[in-house]
Every structure is written in structure tokens, then in C-alpha cells.
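Structure file input.cif; described as mmCIF, C-alpha atoms.
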```cif
data_start
#
loop_
_atom_site.label_atom_id
_atom_site.label_comp_id
_atom_site.auth_asym_id
_atom_site.auth_seq_id
_atom_site.Cartn_x
_atom_site.Cartn_y
_atom_site.Cartn_z
CA LYS A 1 165.96 296.83 236.04
CA GLU A 2 166.32 298.33 232.55
CA ALA A 3 162.73 299.59 232.70
CA SER A 4 163.51 301.48 235.91
CA TYR A 5 166.49 303.19 234.20
CA ILE A 6 164.28 304.15 231.26
CA ASN A 7 161.59 305.55 233.57
CA LYS A 8 164.23 307.47 235.52
CA SER A 9 165.63 309.01 232.31
CA LEU A 10 162.14 309.93 231.13
CA SER A 11 161.45 311.54 234.50
CA PHE A 12 164.63 313.61 234.16
CA LEU A 13 163.62 314.49 230.59
CA GLU A 14 160.31 315.78 231.89
CA GLN A 15 162.12 317.91 234.49
CA VAL A 16 164.25 319.44 231.74
CA VAL A 17 161.19 320.15 229.59
CA VAL A 18 159.42 321.79 232.54
CA ALA A 19 162.52 323.91 233.25
CA LEU A 20 162.78 324.98 229.60
CA GLY A 21 159.10 325.90 229.50
CA ASP A 22 159.45 328.13 232.57
CA ARG A 23 161.05 331.42 231.45
CA ASN A 24 161.70 332.53 235.04
CA ARG A 25 163.97 329.59 235.75
CA ASP A 26 167.74 330.07 235.61
CA HIS A 27 168.99 326.49 235.78
CA VAL A 28 168.07 323.62 233.45
CA PRO A 29 169.14 320.19 234.83
CA TYR A 30 170.61 318.69 231.65
CA ARG A 31 173.27 316.64 233.44
CA GLN A 32 170.95 314.49 235.51
CA SER A 33 170.93 311.71 232.92
CA LYS A 34 172.71 310.68 229.75
CA LEU A 35 169.50 311.11 227.77
CA THR A 36 168.97 314.74 228.75
CA HIS A 37 172.66 315.53 228.32
CA MET A 38 172.61 314.07 224.79
CA LEU A 39 169.42 315.95 223.89
CA LYS A 40 170.68 319.28 225.28
CA ASP A 41 171.28 320.89 221.88
CA SER A 42 168.01 319.59 220.47
CA LEU A 43 165.82 320.63 223.38
CA GLY A 44 167.12 324.02 224.39
CA GLY A 45 169.80 324.76 221.89
CA ASN A 46 170.09 326.04 218.36
CA CYS A 47 167.83 323.48 216.66
CA LYS A 48 164.35 323.17 215.28
CA THR A 49 162.74 320.42 217.32
CA THR A 50 159.66 318.38 216.45
CA MET A 51 157.85 316.14 218.90
CA LEU A 52 155.60 313.30 217.84
CA ALA A 53 153.24 311.92 220.46
CA ASN A 54 151.89 308.42 219.87
CA ILE A 55 148.69 307.58 221.71
CA TRP A 56 146.38 304.56 221.65
CA PRO A 57 142.58 304.98 221.65
CA GLU A 58 141.79 302.01 223.91
CA ALA A 59 140.47 302.19 227.46
CA LYS A 60 143.29 300.06 228.84
CA MET A 61 145.87 302.54 227.46
CA LEU A 62 144.07 305.65 228.72
CA GLU A 63 146.58 306.39 231.51
CA GLU A 64 149.58 306.08 229.15
CA SER A 65 147.90 308.20 226.47
CA THR A 66 146.97 310.91 228.98
CA SER A 67 150.52 311.00 230.33
CA THR A 68 151.91 311.27 226.79
CA LEU A 69 149.53 314.10 225.94
CA ARG A 70 150.47 315.98 229.14
CA PHE A 71 154.14 315.64 228.23
CA ALA A 72 153.46 316.86 224.68
CA THR A 73 151.62 319.87 226.11
CA ARG A 74 154.61 320.73 228.29
CA MET A 75 156.90 320.27 225.30
CA MET A 76 154.84 322.79 223.32
CA ARG A 77 155.83 325.48 225.86
CA VAL A 78 159.53 325.06 224.98
CA THR A 79 160.66 327.58 222.38
CA ASN A 80 163.96 327.58 220.50
CA GLU A 81 165.45 330.32 218.41
CA ALA A 82 167.21 328.44 215.63
CA THR A 83 169.78 330.44 213.68
CA VAL A 84 172.05 329.45 210.83
CA ASN A 85 175.61 328.79 211.94
CA VAL A 86 178.00 330.96 209.94
CA HIS A 87 181.68 330.11 209.56
CA LEU A 88 183.68 333.23 208.81
CA ASP A 89 186.94 333.14 206.88
CA PRO A 90 189.59 335.26 208.65
CA THR A 91 191.03 336.64 205.39
CA LEU A 92 187.57 337.78 204.28
CA LEU A 93 187.04 339.42 207.66
CA ILE A 94 190.35 341.29 207.35
CA ARG A 95 189.39 342.54 203.89
CA LYS A 96 185.98 343.59 205.16
CA TYR A 97 187.48 345.48 208.11
CA GLU A 98 190.09 347.17 205.88
CA ARG A 99 187.31 348.29 203.55
CA GLN A 100 185.33 349.64 206.53
CA ILE A 101 188.38 351.54 207.80
CA LYS A 102 188.92 353.07 204.35
CA GLU A 103 185.27 354.14 204.14
CA LEU A 104 185.34 355.60 207.66
CA LYS A 105 188.53 357.55 206.87
CA GLN A 106 186.86 358.96 203.75
CA GLU A 107 183.80 359.93 205.75
CA LEU A 108 185.96 361.55 208.43
CA ALA A 109 187.88 363.50 205.78
CA MET A 110 184.58 364.70 204.30
CA HIS A 111 183.36 365.87 207.74
CA ASN A 112 186.68 367.62 208.33
CA THR A 113 186.39 369.40 204.99
CA LEU A 114 182.85 370.54 205.77
CA ALA A 115 184.03 371.79 209.19
CA ASN A 116 186.99 373.65 207.62
CA ARG A 117 189.50 371.27 209.18
CA SER A 118 190.97 369.95 205.96
CA HIS A 119 194.53 370.30 207.30
CA VAL A 120 194.00 367.42 209.79
CA GLN A 121 195.81 364.25 208.71
CA TYR A 122 195.02 360.74 209.93
CA GLU A 123 198.14 358.73 209.37
CA GLU A 124 199.21 355.42 210.82
CA TYR A 125 200.92 355.53 214.21
CA THR A 126 204.68 355.19 214.23
CA PRO A 127 206.09 352.31 216.36
CA ASP A 128 207.13 354.87 219.03
CA GLU A 129 203.60 356.30 219.18
CA GLN A 130 202.13 352.79 219.41
CA ARG A 131 204.43 351.94 222.36
CA GLU A 132 203.47 355.18 224.03
CA LEU A 133 199.77 354.41 223.67
CA GLU A 134 200.24 350.91 225.10
CA THR A 135 201.87 352.22 228.30
#
```
Go ahead and express the file in the form of C-alpha cells.
Amino acid sequence: KEASYINKSLSFLEQVVVALGDRNRDHVPYRQSKLTHMLKDSLGGNCKTTMLANIWPEAKMLEESTSTLRFATRMMRVTNEATVNVHLDPTLLIRKYERQIKELKQELAMHNTLANRSHVQYEEYTPDEQRELET
């Protein structure tokens, strides 16, 4: 009975690999088994994945080896785009955005000066003006 569960999970794994290898397919059936659901991030997610295929060069194992090599070939069609996960500190982001705002204001003032509009002032909105913009 356990062997049938293993074979069923491997069959579902193969379906997921086929779906990931086909770029025209919208849905990947990760939730068909616990195995595919657990391997979701490794197979189609943000990971570098390596597959090792073990085969046996004996005539009695030819069918198993061929099946393994077919699966490995399908697995080679799956491509992942692994990127480094970046955790951003909110205070650093605020400082960065404040610096960008300051630079943009300076650039705008320079453009205004070149266009003979140096009298234009860009001040913060008063609370009344902010309320008016929100309505």
C-alpha cells in the first residue's frame, strides 16, 4: 500500500514537472500531493534546483533507468529565476526617499531657474490644503 502512495506522488511530481516545462500552461498542479506541495518553492519558485538521476547499467534495470532518464530530461526543461531575497529596513527606506525628494526639489529649482521661473516656490502643503486635496 505504501508503494502505491509513493508511485502516486511520483506521478503527480511528473505532472508538475511537465506543467513547469510547458511555458504556455497557466496552471501548475502543486496541490495534488503533499510531495509536490512541499517542493513547490524548490521546483518552480525562487531557488536554484539540482536534480541527480541515479541509473543502473544492468539489463534487468533498463526500464527503470529509461524512466529515470526521461524524467531527468523533462526536469531539464524547467527553468527558475533565482534572485536574492532583500529585507529592507523601513527607516533606511525613509531616509532614502527623503534624500530623493531633496534631490528632485533641487533639480526642479534648477529647471525653474533655467526657464526664468525662479519665483516659483515648492513648500509643504498646509493641513487645510492637504484636506482639500483628499476630497
Which one is closest to Glu124 in chain A: A:Leu10, A:Val16, A:Ile101, A:Leu62? Count all atoms listed in the file.
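Closest to Glu124 in chain A of all the choices is A:Ile101.
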Determine, counting all atoms listed in the file, which protein, DNA and RNA residues have an atom within 7 Å of an atom of Gly21 in chain A; residues of the same chain fewer than 4 positions away are not included. Present the result as a list in words.
Val17, Arg74, Arg77 and Val78 of chain A
Okay, now the selection with C-alpha atoms, as a short mmCIF file (atom, residue, chain, number, x, y, z; two decimals), in the frame of the given file?
```
data_model
loop_
_atom_site.label_atom_id
_atom_site.label_comp_id
_atom_site.auth_asym_id
_atom_site.auth_seq_id
_atom_site.Cartn_x
_atom_site.Cartn_y
_atom_site.Cartn_z
CA VAL A 17 161.19 320.15 229.59
CA ARG A 74 154.61 320.73 228.29
CA ARG A 77 155.83 325.48 225.86
CA VAL A 78 159.53 325.06 224.98
#
```
Can you list, as a ChimeraX atom specification, every protein, DNA or RNA residue that comes within 10 Å of Leu13 in chain A when you count all atoms listed in the file, leaving out same-chain residues fewer than 4 positions away?
/A:7-9,17-19,29-30,32-37,39,43,71
Could you tell me how far CA of Ile94 in chain A lies from CA of Asn112 in chain A, in Å and to one decimal?
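Computed distance, CA of Ile94 in chain A to CA of Asn112 in chain A, equals 26.6 Å.
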Gap from CA of Glu123 in chain A to CA of Leu104 in chain A - Å, one decimal:
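So the two atoms, CA of Glu123 in chain A and CA of Leu104 in chain A, lie 13.3 Å apart.
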